[in-house]
$ cat structure-v3.cif   # mmCIF, C-alpha atoms and all ligand atoms
data_query
#
loop_
_atom_site.label_atom_id
_atom_site.label_comp_id
_atom_site.auth_asym_id
_atom_site.auth_seq_id
_atom_site.Cartn_x
_atom_site.Cartn_y
_atom_site.Cartn_z
CA MET T 1 0.00 0.00 0.00
CA ASN T 2 1.53 3.40 -0.93
CA SER T 3 2.01 6.14 1.65
CA ARG T 4 -0.67 8.41 0.14
CA ASN T 5 -3.16 5.61 0.42
CA ILE T 6 -2.25 5.00 4.09
CA GLU T 7 -2.51 8.73 4.80
CA ASN T 8 -5.93 8.87 3.14
CA LYS T 9 -7.06 5.77 4.97
CA SER T 10 -5.89 7.04 8.35
CA GLU T 11 -7.90 10.21 7.75
CA GLY T 12 -10.89 8.01 7.01
CA LYS T 13 -10.81 9.05 3.32
CA GLY T 14 -9.32 6.02 1.60
CA ALA T 15 -11.02 2.88 0.44
CA PHE T 16 -10.86 0.13 3.05
CA ARG T 17 -11.24 -3.58 2.57
CA PHE T 18 -13.83 -5.04 4.95
CA LEU T 19 -14.38 -8.73 5.55
CA MET T 20 -17.99 -9.41 6.59
CA ILE T 21 -19.10 -12.73 8.11
CA SER T 22 -22.61 -13.99 8.96
CA LEU T 23 -24.41 -17.21 9.73
CA PRO T 24 -27.09 -18.32 7.23
CA TYR T 25 -30.35 -16.96 8.70
CA SER T 26 -32.45 -14.28 6.94
CA GLY T 27 -33.12 -12.40 10.16
CA HIS T 28 -29.38 -12.12 10.80
CA VAL T 29 -28.28 -11.46 7.22
CA ASN T 30 -30.95 -9.01 5.98
CA PRO T 31 -30.02 -5.92 8.06
CA THR T 32 -26.30 -6.39 7.40
CA LEU T 33 -26.95 -6.09 3.65
CA GLY T 34 -28.02 -2.47 4.19
CA THR T 35 -24.77 -1.71 6.04
CA VAL T 36 -22.70 -3.46 3.38
CA ARG T 37 -24.45 -1.51 0.62
CA SER T 38 -23.73 1.77 2.45
CA LEU T 39 -20.03 0.87 2.84
CA ILE T 40 -19.82 0.12 -0.88
CA ASP T 41 -21.65 3.33 -1.78
CA ALA T 42 -19.01 5.17 0.29
CA GLY T 43 -16.29 3.65 -1.93
CA HIS T 44 -15.10 0.72 0.21
CA HIS T 45 -14.64 -2.93 -0.74
CA VAL T 46 -16.53 -5.64 1.13
CA GLY T 47 -15.92 -9.37 0.87
CA TYR T 48 -18.91 -11.20 2.38
CA VAL T 49 -18.39 -14.75 3.73
CA LEU T 50 -21.71 -16.62 3.74
CA ASP T 51 -23.67 -19.76 2.81
CA PRO T 52 -23.79 -20.25 -1.00
CA ARG T 53 -27.57 -19.68 -1.13
CA TRP T 54 -27.02 -15.99 -0.38
CA ARG T 55 -24.82 -15.29 -3.42
CA ASP T 56 -27.39 -13.22 -5.35
CA ALA T 57 -28.45 -11.16 -2.33
CA VAL T 58 -24.85 -10.34 -1.46
CA GLU T 59 -23.80 -9.57 -5.03
CA GLU T 60 -26.81 -7.25 -5.43
CA THR T 61 -25.18 -4.97 -2.82
CA GLY T 62 -21.97 -4.77 -4.84
CA ALA T 63 -20.00 -6.88 -2.35
CA GLU T 64 -17.72 -9.73 -3.37
CA PHE T 65 -19.37 -13.02 -2.44
CA ILE T 66 -17.16 -15.58 -0.69
CA PRO T 67 -18.90 -18.93 0.01
CA TYR T 68 -17.95 -20.90 3.14
CA ASP T 69 -15.20 -23.41 2.25
CA ARG T 70 -16.21 -27.09 2.11
CA TYR T 71 -19.91 -26.39 2.60
CA PRO T 72 -22.89 -27.94 0.75
CA ASN T 73 -25.11 -25.99 -1.65
CA ASN T 74 -28.22 -27.12 0.22
CA PRO T 75 -27.25 -27.49 3.87
CA ASN T 76 -29.44 -29.35 6.34
CA ALA T 77 -30.35 -27.97 9.78
CA PHE T 78 -27.31 -29.61 11.47
CA GLN T 79 -24.95 -28.10 8.91
CA ARG T 80 -26.56 -24.67 9.28
CA THR T 81 -26.41 -24.65 13.08
CA LEU T 82 -23.17 -26.45 13.91
CA VAL T 83 -20.97 -26.57 10.81
CA ALA T 84 -21.59 -23.10 9.31
CA GLY T 85 -19.84 -21.18 12.12
CA ARG T 86 -16.68 -23.28 11.97
CA ARG T 87 -16.52 -23.13 8.15
CA ALA T 88 -17.17 -19.38 8.21
CA PHE T 89 -14.28 -18.97 10.65
CA SER T 90 -11.80 -21.09 8.68
CA THR T 91 -12.75 -19.41 5.39
CA ALA T 92 -12.29 -15.95 6.88
CA GLN T 93 -9.01 -17.01 8.47
CA ARG T 94 -7.69 -18.31 5.13
CA ILE T 95 -8.38 -15.11 3.19
CA GLY T 96 -8.41 -12.54 6.01
CA GLY T 97 -4.80 -11.32 5.64
CA SER T 98 -5.68 -8.83 2.90
CA TYR T 99 -8.45 -7.03 4.83
CA ASP T 100 -8.35 -3.90 7.02
CA ALA T 101 -11.19 -4.87 9.40
CA VAL T 102 -13.61 -7.65 10.26
CA LEU T 103 -17.35 -7.00 10.44
CA TYR T 104 -19.54 -9.76 11.80
CA GLU T 105 -23.16 -10.31 12.71
CA ALA T 106 -23.54 -11.05 16.43
CA LEU T 107 -24.81 -14.62 16.04
CA PHE T 108 -21.37 -15.47 14.63
CA SER T 109 -19.87 -15.41 18.11
CA TYR T 110 -16.35 -16.23 16.83
CA GLY T 111 -15.87 -12.77 15.28
CA LYS T 112 -13.85 -11.16 18.08
CA SER T 113 -11.36 -14.01 18.17
CA LEU T 114 -11.09 -13.95 14.38
CA ALA T 115 -10.39 -10.19 14.29
CA ASP T 116 -7.76 -10.52 17.04
CA GLN T 117 -6.05 -13.39 15.24
CA LEU T 118 -5.96 -11.36 12.02
CA GLY T 119 -4.70 -8.33 13.98
CA VAL T 120 -7.43 -6.00 12.67
CA PRO T 121 -10.34 -4.13 14.34
CA GLY T 122 -13.50 -6.19 14.89
CA ILE T 123 -16.92 -4.58 14.53
CA ARG T 124 -20.06 -6.46 15.54
CA LEU T 125 -23.46 -5.86 13.93
CA SER T 126 -26.35 -7.01 16.09
CA SER T 127 -29.68 -7.77 14.43
CA THR T 128 -31.40 -8.43 17.75
CA PHE T 129 -31.01 -6.84 21.21
CA ALA T 130 -27.52 -6.32 22.61
CA TYR T 131 -27.07 -8.87 25.40
CA THR T 132 -26.04 -8.87 29.02
CA GLN T 133 -26.16 -12.07 31.07
CA ALA T 134 -29.44 -10.83 32.61
CA ILE T 135 -31.01 -10.45 29.16
CA LEU T 136 -29.74 -13.90 28.10
CA ASP T 137 -31.29 -15.31 31.30
CA ARG T 138 -34.59 -13.70 30.38
CA LEU T 139 -34.40 -15.27 26.91
CA ALA T 140 -33.71 -18.63 28.51
CA GLN T 141 -36.86 -18.36 30.61
CA THR T 142 -39.16 -17.53 27.72
CA GLY T 143 -37.49 -18.57 24.48
CA GLY T 144 -38.37 -22.27 24.35
CA ALA T 145 -36.59 -25.50 25.17
CA HIS T 146 -33.58 -25.24 22.93
CA VAL T 147 -32.67 -21.68 23.92
CA THR T 148 -33.16 -22.59 27.58
CA ARG T 149 -30.94 -25.63 27.26
CA LEU T 150 -28.24 -23.71 25.47
CA VAL T 151 -28.18 -20.63 27.68
CA HIS T 152 -29.19 -21.99 31.07
CA ASP T 153 -27.99 -25.55 31.24
CA GLY T 154 -24.32 -25.16 32.07
CA LEU T 155 -23.53 -28.65 30.76
CA VAL T 156 -24.92 -28.09 27.25
CA MET T 157 -23.32 -24.67 27.05
CA ARG T 158 -19.96 -26.18 28.08
CA LEU T 159 -20.29 -29.07 25.59
CA VAL T 160 -20.88 -26.68 22.69
CA SER T 161 -18.33 -24.16 23.93
CA LYS T 162 -15.39 -26.42 24.82
CA PRO T 163 -14.44 -27.45 21.26
CA ALA T 164 -14.84 -23.83 20.13
CA HIS T 165 -12.56 -22.67 22.95
CA ASN T 166 -9.99 -25.40 22.26
CA ARG T 167 -9.84 -24.42 18.58
CA GLY T 168 -9.38 -20.72 19.41
CA LEU T 169 -12.79 -19.72 18.04
CA ILE T 170 -13.78 -18.09 21.33
CA GLN T 171 -11.57 -16.49 23.97
CA LYS T 172 -13.83 -16.95 27.03
CA ASN T 173 -14.80 -20.39 28.35
CA THR T 174 -18.35 -20.35 27.05
CA ILE T 175 -20.15 -18.88 24.07
CA ALA T 176 -22.47 -16.96 26.44
CA ALA T 177 -19.48 -15.39 28.19
CA GLU T 178 -17.90 -14.59 24.81
CA ILE T 179 -21.07 -12.75 23.74
CA VAL T 180 -21.64 -10.74 26.93
CA SER T 181 -18.13 -10.20 28.33
CA ASN T 182 -15.83 -10.06 25.34
CA PRO T 183 -17.19 -7.27 23.14
CA PRO T 184 -15.17 -5.99 20.18
CA ASP T 185 -14.19 -2.33 19.73
CA LEU T 186 -17.65 -1.40 18.53
CA THR T 187 -21.07 -3.06 18.42
CA TYR T 188 -23.77 -1.61 16.18
CA VAL T 189 -27.30 -2.57 17.19
CA TYR T 190 -30.09 -2.29 14.60
CA THR T 191 -32.57 -0.77 17.00
CA THR T 192 -32.94 2.46 18.94
CA ARG T 193 -31.66 3.01 22.47
CA SER T 194 -35.30 3.52 23.49
CA PHE T 195 -36.26 0.03 22.27
CA GLN T 196 -33.20 -1.76 23.75
CA ILE T 197 -33.84 -3.49 27.08
CA ASP T 198 -31.68 -2.29 30.02
CA SER T 199 -30.08 0.24 27.70
CA ASP T 200 -28.04 1.86 30.52
CA ASP T 201 -25.94 -1.32 30.65
CA PHE T 202 -24.49 -0.57 27.21
CA PRO T 203 -21.94 2.29 27.24
CA GLU T 204 -22.00 4.55 24.21
CA ASP T 205 -18.25 4.19 23.60
CA ARG T 206 -18.78 0.53 22.65
CA PHE T 207 -22.47 0.20 21.76
CA ARG T 208 -24.16 2.31 19.10
CA PHE T 209 -27.90 2.02 18.47
CA ILE T 210 -28.45 3.04 14.87
CA GLY T 211 -32.07 1.99 14.26
CA PRO T 212 -33.43 -0.41 11.65
CA SER T 213 -31.41 -1.25 8.56
CA LEU T 214 -33.91 -2.05 5.84
CA SER T 215 -32.06 -3.86 3.11
CA GLY T 216 -35.14 -4.24 0.95
CA HIS T 217 -34.00 -7.73 0.15
CA THR T 218 -36.48 -10.60 -0.05
CA ARG T 219 -35.27 -14.05 -0.89
CA GLN T 220 -37.56 -15.91 -3.25
CA ALA T 221 -40.33 -13.32 -3.07
CA GLU T 222 -43.26 -14.62 -5.09
CA LYS T 223 -44.71 -11.43 -6.47
CA SER T 224 -45.62 -7.96 -5.42
CA ILE T 225 -49.20 -7.09 -4.56
CA ASP T 226 -51.60 -4.92 -6.53
CA PHE T 227 -52.53 -2.51 -3.73
CA ASP T 228 -55.19 -0.77 -5.86
CA THR T 229 -57.46 -3.78 -5.38
CA VAL T 230 -56.91 -3.95 -1.60
CA ARG T 231 -59.75 -3.07 0.79
CA ARG T 232 -59.07 -1.16 4.03
CA PRO T 233 -58.01 -1.94 6.64
CA LEU T 234 -55.14 -4.08 5.34
CA ILE T 235 -53.86 -6.69 7.79
CA TYR T 236 -50.50 -8.31 7.12
CA ILE T 237 -49.69 -11.63 8.82
CA SER T 238 -46.33 -13.42 8.98
CA LEU T 239 -44.38 -15.66 11.36
CA GLY T 240 -41.05 -14.87 9.65
CA THR T 241 -38.71 -17.49 8.23
CA LEU T 242 -37.81 -19.86 11.09
CA LEU T 243 -40.57 -20.83 13.54
CA ASN T 244 -43.30 -20.44 10.93
CA LYS T 245 -45.10 -23.79 10.83
CA SER T 246 -48.01 -23.26 13.28
CA MET T 247 -51.17 -24.41 11.43
CA LYS T 248 -53.15 -23.53 14.57
CA PHE T 249 -52.02 -19.91 14.23
CA TYR T 250 -52.76 -19.65 10.49
CA ARG T 251 -56.19 -21.28 10.91
CA ALA T 252 -57.03 -18.90 13.80
CA CYS T 253 -56.15 -15.94 11.54
CA ILE T 254 -58.30 -17.24 8.69
CA GLU T 255 -61.24 -17.76 11.03
CA ALA T 256 -60.74 -14.39 12.74
CA PHE T 257 -60.60 -12.27 9.56
CA GLY T 258 -62.19 -14.43 6.81
CA GLY T 259 -65.26 -12.90 5.13
CA ASP T 260 -64.77 -9.56 6.89
CA LYS T 261 -64.62 -6.21 5.10
CA MET T 262 -60.83 -5.98 5.50
CA SER T 263 -58.08 -7.37 3.22
CA VAL T 264 -55.57 -9.85 4.62
CA ILE T 265 -52.18 -10.76 3.19
CA MET T 266 -50.59 -13.77 4.82
CA SER T 267 -47.02 -14.97 4.22
CA VAL T 268 -46.65 -18.59 5.38
CA GLY T 269 -43.11 -19.60 4.39
CA GLU T 270 -41.84 -22.60 2.48
CA ARG T 271 -42.65 -25.44 4.83
CA ILE T 272 -46.38 -25.83 5.42
CA ASP T 273 -48.84 -27.64 3.17
CA VAL T 274 -50.98 -24.71 2.02
CA SER T 275 -53.82 -27.00 0.92
CA ARG T 276 -54.33 -27.93 4.59
CA LEU T 277 -55.54 -24.37 5.23
CA GLY T 278 -58.72 -25.33 3.34
CA GLN T 279 -60.78 -23.11 1.02
CA LEU T 280 -59.58 -19.54 1.55
CA PRO T 281 -62.12 -16.71 2.02
CA GLU T 282 -61.95 -14.20 -0.86
CA ASN T 283 -60.51 -11.42 1.35
CA ILE T 284 -57.43 -13.48 2.37
CA LYS T 285 -54.44 -13.95 0.05
CA VAL T 286 -51.74 -16.44 1.03
CA PHE T 287 -48.14 -16.29 -0.23
CA ARG T 288 -45.10 -18.37 0.62
CA SER T 289 -42.86 -15.30 0.67
CA ILE T 290 -43.53 -11.70 -0.23
CA ASP T 291 -41.79 -8.36 -0.37
CA GLN T 292 -42.55 -7.58 3.28
CA LEU T 293 -41.44 -3.95 3.17
CA SER T 294 -43.79 -3.08 0.32
CA VAL T 295 -46.70 -4.63 2.26
CA LEU T 296 -45.81 -2.92 5.55
CA ARG T 297 -45.63 0.42 3.76
CA GLN T 298 -49.40 -0.02 3.12
CA ALA T 299 -50.55 -2.10 6.10
CA ASP T 300 -52.83 -0.96 8.97
CA LEU T 301 -51.89 -3.84 11.29
CA PHE T 302 -49.10 -6.42 11.44
CA VAL T 303 -49.88 -9.74 13.14
CA THR T 304 -46.30 -10.92 13.67
CA HIS T 305 -44.24 -13.49 15.57
CA GLY T 306 -42.09 -10.66 16.97
CA GLY T 307 -38.85 -11.38 15.12
CA MET T 308 -36.59 -8.38 15.66
CA ASN T 309 -36.41 -7.53 11.95
CA SER T 310 -40.14 -7.74 11.44
CA VAL T 311 -40.71 -5.54 14.49
CA ASN T 312 -38.08 -3.05 13.32
CA GLU T 313 -39.66 -2.92 9.88
CA SER T 314 -43.10 -2.43 11.41
CA LEU T 315 -41.82 0.39 13.64
CA TYR T 316 -40.14 2.02 10.67
CA TYR T 317 -43.45 2.13 8.78
CA ARG T 318 -45.42 2.99 11.96
CA VAL T 319 -47.62 -0.10 11.74
CA PRO T 320 -49.20 -1.19 15.07
CA MET T 321 -48.65 -4.82 16.00
CA ILE T 322 -50.29 -7.87 17.47
CA VAL T 323 -47.34 -10.07 18.50
CA VAL T 324 -47.86 -13.83 18.79
CA PRO T 325 -44.39 -15.07 19.81
CA MET T 326 -43.38 -18.58 18.78
CA GLY T 327 -40.04 -18.87 20.65
CA ASN T 328 -36.37 -17.76 20.72
CA ASP T 329 -36.09 -14.01 21.36
CA GLN T 330 -39.68 -13.36 20.20
CA PRO T 331 -41.37 -13.38 23.65
CA THR T 332 -38.79 -10.83 24.84
CA VAL T 333 -39.22 -8.64 21.76
CA GLY T 334 -43.03 -8.94 22.06
CA ALA T 335 -42.93 -7.96 25.73
CA ARG T 336 -40.94 -4.85 24.78
CA VAL T 337 -43.48 -3.94 22.07
CA GLU T 338 -46.28 -4.15 24.63
CA GLU T 339 -44.30 -2.39 27.39
CA LEU T 340 -43.64 0.58 25.10
CA GLY T 341 -47.29 0.68 23.98
CA LEU T 342 -46.53 -0.12 20.33
CA GLY T 343 -48.92 -3.05 20.12
CA LYS T 344 -50.20 -6.05 22.07
CA VAL T 345 -49.03 -9.58 22.76
CA ILE T 346 -51.26 -12.64 22.46
CA PRO T 347 -49.51 -15.78 23.80
CA ARG T 348 -49.59 -18.55 21.15
CA ASP T 349 -51.37 -21.04 23.42
CA LYS T 350 -54.10 -18.48 24.22
CA ILE T 351 -54.92 -17.51 20.65
CA SER T 352 -58.58 -17.72 19.65
CA PRO T 353 -60.19 -16.30 16.50
CA ALA T 354 -62.67 -14.15 18.46
CA ASP T 355 -59.99 -12.62 20.71
CA LEU T 356 -57.60 -12.05 17.80
CA HIS T 357 -60.36 -10.24 15.89
CA LEU T 358 -61.31 -8.08 18.87
CA GLN T 359 -57.75 -7.18 19.86
CA SER T 360 -56.84 -6.38 16.25
CA LEU T 361 -59.67 -3.84 15.98
CA GLU T 362 -58.67 -2.31 19.33
CA VAL T 363 -55.02 -2.00 18.39
CA MET T 364 -55.87 -0.44 15.03
CA LYS T 365 -58.04 2.26 16.59
CA SER T 366 -55.83 3.03 19.60
CA SER T 367 -54.64 6.64 19.50
CA ALA T 368 -52.16 5.91 22.34
CA ILE T 369 -50.43 3.29 20.17
CA ARG T 370 -50.43 5.70 17.23
CA ASP T 371 -48.74 8.39 19.37
CA ASN T 372 -46.14 5.94 20.68
CA LEU T 373 -45.37 4.82 17.13
CA ALA T 374 -44.87 8.45 16.13
CA ARG T 375 -42.40 8.93 19.03
CA MET T 376 -40.53 5.77 18.06
CA SER T 377 -40.42 6.94 14.48
CA SER T 378 -38.67 10.14 15.54
CA ASP T 379 -36.16 8.10 17.63
CA ILE T 380 -35.48 6.05 14.49
CA ALA T 381 -35.04 9.18 12.40
CA THR T 382 -32.36 10.52 14.79
CA ALA T 383 -30.55 7.21 15.45
CA GLY T 384 -28.27 7.72 12.46
CA GLY T 385 -28.76 4.49 10.53
CA ASN T 386 -26.14 3.01 8.26
CA ASP T 387 -24.72 6.42 7.26
CA ARG T 388 -23.65 6.95 10.87
CA ALA T 389 -22.27 3.41 11.11
CA VAL T 390 -20.19 3.86 7.96
CA ARG T 391 -18.83 7.23 9.12
CA GLU T 392 -17.81 5.92 12.54
CA ILE T 393 -16.47 2.56 11.36
CA THR T 394 -14.32 4.31 8.76
CA GLU T 395 -12.93 6.69 11.40
CA LEU T 396 -12.16 3.81 13.77
CA VAL T 397 -10.41 1.72 11.12
CA GLY T 398 -8.48 4.77 9.89
CA ARG T 399 -7.30 5.55 13.44
CA LYS T 400 -6.26 1.95 14.11
CA LEU T 401 -4.41 1.74 10.82
CA ALA T 402 -2.59 5.02 11.54
CA GLY T 403 -1.61 3.68 14.98
CA LYS T 404 -0.31 0.48 13.40
CA ASN T 405 1.77 2.35 10.83
CA ASN T 406 3.12 4.87 13.40
CA PRO T 407 3.45 2.81 16.60
N1 LIG T 501 -39.46 -11.61 5.21
C1 LIG T 501 -39.74 -11.27 3.89
N2 LIG T 501 -40.82 -11.83 3.30
C2 LIG T 501 -41.65 -12.71 3.92
C3 LIG T 501 -41.36 -13.03 5.28
C4 LIG T 501 -40.27 -12.45 5.89
O1 LIG T 501 -39.03 -10.47 3.28
O2 LIG T 501 -42.59 -13.18 3.29
C5 LIG T 501 -38.27 -10.98 5.84
C6 LIG T 501 -38.69 -9.89 6.81
O3 LIG T 501 -38.87 -8.65 6.11
C7 LIG T 501 -37.54 -9.88 7.79
C8 LIG T 501 -37.04 -11.32 7.78
O4 LIG T 501 -37.58 -11.94 6.62
O5 LIG T 501 -36.50 -9.01 7.35
C9 LIG T 501 -37.52 -12.10 9.01
O6 LIG T 501 -36.72 -11.76 10.09
P1 LIG T 501 -37.27 -11.73 11.58
O7 LIG T 501 -36.14 -11.32 12.45
O8 LIG T 501 -38.49 -10.91 11.64
O9 LIG T 501 -37.72 -13.21 11.85
P2 LIG T 501 -37.03 -14.65 11.71
O10 LIG T 501 -37.30 -15.10 10.32
O11 LIG T 501 -35.55 -14.46 11.98
O12 LIG T 501 -37.73 -15.46 12.74
#

$ encode --input "structure-v3.cif" --output "structure tokens"
Amino acid sequence: MNSRNIENKSEGKGAFRFLMISLPYSGHVNPTLGTVRSLIDAGHHVGYVLDPRWRDAVEETGAEFIPYDRYPNNPNAFQRTLVAGRRAFSTAQRIGGSYDAVLYEALFSYGKSLADQLGVPGIRLSSTFAYTQAILDRLAQTGGAHVTRLVHDGLVMRLVSKPAHNRGLIQKNTIAAEIVSNPPDLTYVYTTRSFQIDSDDFPEDRFRFIGPSLSGHTRQAEKSIDFDTVRRPLIYISLGTLLNKSMKFYRACIEAFGGDKMSVIMSVGERIDVSRLGQLPENIKVFRSIDQLSVLRQADLFVTHGGMNSVNESLYYRVPMIVVPMGNDQPTVGARVEELGLGKVIPRDKISPADLHLQSLEVMKSSAIRDNLARMSSDIATAGGNDRAVREITELVGRKLAGKNNP
């Protein structure tokens, strides 16, 4: 690298090379695509290490796509949960020498160790809440059996963590400790400080809350909707991409809203047998996957599972919510939505068509919820978004590089 280039870079002006790493889950990849696009728009290079199925989405941002080494084109659940992280790490380690900084989504808990081994700054991007041990404990109480076992049961946590520790993938003894007590230089959280739980526990010098990052990306979206033919109010229903197989939930929605004056758009994912929903009322349209942002832009109510991205997107478009959490972090996110008066929670085992119908009408006409959504919208507008992240990340990397070249 010539001296002019180093000088430019240390002033935050030059083009940096960023290595971005994520695990293969839409909810964890989608918001990072917005950040990557902003880095590229600002003139930087990004190499993105990810599962091969994300090639098109990554290349659309202008980033260089780098598939995990020795990884199948169609991974099964075991490969996605246990193999992906290790392959992501070894791939990034193999090529990482030519990069100025490592960016990683928070679920890839090996990012800090990777950045330290490469001797470059590490920057974490968090698509859900930032975590303390107390927040992880709360998730363990409400998130369902597998989260509880992983976070709370010391034995399971140690069994998963020990090989990672032995291989140098984490620096603390457990993955939980790595996440909460070994933060990198900077963590960017895709929500506002006002939405984060226990926000005083996250000092501003290390944690920056930049608000939602709407990438606009939809994998395998079927088609967009003709909103001219839609009747008001428009209710949008989705359980996201992971815990989205509850026939009981979909049937309750059809019974609650079917034949009513409203229009309903329901996205049900790839894994249920749609014919088992029976004959659909004419006011309900079912899709496997849709362009969620374009629907939320028009919707009057979002009946959601409470995935952090879906909630962020709903808040961005000021759409009130009924949250029916299915597991993982969703009960915690739902509780926060209700606590801040942005919508209501209906527990999945309590859902009945009559109650869902009644609560939906109440939420849609609540002026208190409308006011709270307006306040949240102004918090989002001032949080800084990806432009702020790019500005600060570039300054940090420039400073570190200058320090390295002039020790
Ligand atoms: N999504 C979409 N179209 C759909 C359903 C979901 O684009 O038909 C997107 C949605 O906009 C969000 C992501 O998939 O960005 C789901 O993430 P979330 O954190 O809400 O839930 P998860 O799928 O991780 O449970």

$ atom_distance --input "structure-v3.cif" --atom1 "atom CA of T:Ala140" --atom2 "atom CA of T:Gly327"
10.1 Å

$ closest_residue --input "structure-v3.cif" --among "T:Tyr104, T:Phe129, T:Phe249, T:Tyr110" --to "ligand LIG 501 (chain T)" --atoms "only C-alpha atoms and all ligand atoms"
T:Phe129

$ residues_near_point --input "structure-v3.cif" --point "(-15.6, -0.2, 22.4)" --cutoff "12 Å" --atoms "only C-alpha atoms" --output "PDB file with C-alpha atoms, in the frame of the given file"
ATOM      1  CA  LYS T 112     -13.850 -11.160  18.080  1.00  0.00           C
ATOM      2  CA  PRO T 121     -10.340  -4.130  14.340  1.00  0.00           C
ATOM      3  CA  GLY T 122     -13.500  -6.190  14.890  1.00  0.00           C
ATOM      4  CA  ILE T 123     -16.920  -4.580  14.530  1.00  0.00           C
ATOM      5  CA  ARG T 124     -20.060  -6.460  15.540  1.00  0.00           C
ATOM      6  CA  SER T 181     -18.130 -10.200  28.330  1.00  0.00           C
ATOM      7  CA  ASN T 182     -15.830 -10.060  25.340  1.00  0.00           C
ATOM      8  CA  PRO T 183     -17.190  -7.270  23.140  1.00  0.00           C
ATOM      9  CA  PRO T 184     -15.170  -5.990  20.180  1.00  0.00           C
ATOM     10  CA  ASP T 185     -14.190  -2.330  19.730  1.00  0.00           C
ATOM     11  CA  LEU T 186     -17.650  -1.400  18.530  1.00  0.00           C
ATOM     12  CA  THR T 187     -21.070  -3.060  18.420  1.00  0.00           C
ATOM     13  CA  TYR T 188     -23.770  -1.610  16.180  1.00  0.00           C
ATOM     14  CA  PHE T 202     -24.490  -0.570  27.210  1.00  0.00           C
ATOM     15  CA  PRO T 203     -21.940   2.290  27.240  1.00  0.00           C
ATOM     16  CA  GLU T 204     -22.000   4.550  24.210  1.00  0.00           C
ATOM     17  CA  ASP T 205     -18.250   4.190  23.600  1.00  0.00           C
ATOM     18  CA  ARG T 206     -18.780   0.530  22.650  1.00  0.00           C
ATOM     19  CA  PHE T 207     -22.470   0.200  21.760  1.00  0.00           C
ATOM     20  CA  ARG T 208     -24.160   2.310  19.100  1.00  0.00           C
ATOM     21  CA  GLU T 392     -17.810   5.920  12.540  1.00  0.00           C
ATOM     22  CA  ILE T 393     -16.470   2.560  11.360  1.00  0.00           C
ATOM     23  CA  LEU T 396     -12.160   3.810  13.770  1.00  0.00           C
TER      24      LEU T 396
END

$ residues_near_ligand --input "structure-v3.cif" --ligand "ligand LIG 501 (chain T)" --cutoff "7 Å" --atoms "only C-alpha atoms and all ligand atoms" --output "NGL selection string"
:T and (25-28 or 30 or 217-219 or 221 or 238-243 or 267 or 269 or 288-293 or 306-311 or 313)

$ write_last_selection --input "structure-v3.cif" --atoms "C-alpha atoms" --output "PDB file, in the coordinates of the input"
ATOM      1  CA  TYR T  25     -30.350 -16.960   8.700  1.00  0.00           C
ATOM      2  CA  SER T  26     -32.450 -14.280   6.940  1.00  0.00           C
ATOM      3  CA  GLY T  27     -33.120 -12.400  10.160  1.00  0.00           C
ATOM      4  CA  HIS T  28     -29.380 -12.120  10.800  1.00  0.00           C
ATOM      5  CA  ASN T  30     -30.950  -9.010   5.980  1.00  0.00           C
ATOM      6  CA  HIS T 217     -34.000  -7.730   0.150  1.00  0.00           C
ATOM      7  CA  THR T 218     -36.480 -10.600  -0.050  1.00  0.00           C
ATOM      8  CA  ARG T 219     -35.270 -14.050  -0.890  1.00  0.00           C
ATOM      9  CA  ALA T 221     -40.330 -13.320  -3.070  1.00  0.00           C
ATOM     10  CA  SER T 238     -46.330 -13.420   8.980  1.00  0.00           C
ATOM     11  CA  LEU T 239     -44.380 -15.660  11.360  1.00  0.00           C
ATOM     12  CA  GLY T 240     -41.050 -14.870   9.650  1.00  0.00           C
ATOM     13  CA  THR T 241     -38.710 -17.490   8.230  1.00  0.00           C
ATOM     14  CA  LEU T 242     -37.810 -19.860  11.090  1.00  0.00           C
ATOM     15  CA  LEU T 243     -40.570 -20.830  13.540  1.00  0.00           C
ATOM     16  CA  SER T 267     -47.020 -14.970   4.220  1.00  0.00           C
ATOM     17  CA  GLY T 269     -43.110 -19.600   4.390  1.00  0.00           C
ATOM     18  CA  ARG T 288     -45.100 -18.370   0.620  1.00  0.00           C
ATOM     19  CA  SER T 289     -42.860 -15.300   0.670  1.00  0.00           C
ATOM     20  CA  ILE T 290     -43.530 -11.700  -0.230  1.00  0.00           C
ATOM     21  CA  ASP T 291     -41.790  -8.360  -0.370  1.00  0.00           C
ATOM     22  CA  GLN T 292     -42.550  -7.580   3.280  1.00  0.00           C
ATOM     23  CA  LEU T 293     -41.440  -3.950   3.170  1.00  0.00           C
ATOM     24  CA  GLY T 306     -42.090 -10.660  16.970  1.00  0.00           C
ATOM     25  CA  GLY T 307     -38.850 -11.380  15.120  1.00  0.00           C
ATOM     26  CA  MET T 308     -36.590  -8.380  15.660  1.00  0.00           C
ATOM     27  CA  ASN T 309     -36.410  -7.530  11.950  1.00  0.00           C
ATOM     28  CA  SER T 310     -40.140  -7.740  11.440  1.00  0.00           C
ATOM     29  CA  VAL T 311     -40.710  -5.540  14.490  1.00  0.00           C
ATOM     30  CA  GLU T 313     -39.660  -2.920   9.880  1.00  0.00           C
TER      31      GLU T 313
END

$ atom_distance --input "structure-v3.cif" --atom1 "atom CA of T:Ile380" --atom2 "atom CA of T:Arg399"
28.2 Å

$ residues_around --input "structure-v3.cif" --residues "T:Glu59" --least-positions-apart "2" --cutoff "12 Å" --atoms "only C-alpha atoms" --output "ChimeraX atom specification"
/T:33,36-37,40,46-50,52-57,61-67,217

$ residues_around --input "structure-v3.cif" --residues "T:Asp200" --least-positions-apart "4" --cutoff "12 Å" --atoms "only C-alpha atoms" --output "list in words"
Ala130, Tyr131, Thr132, Arg193, Ser194, Phe195, Gln196, Glu204 and Phe207 of chain T
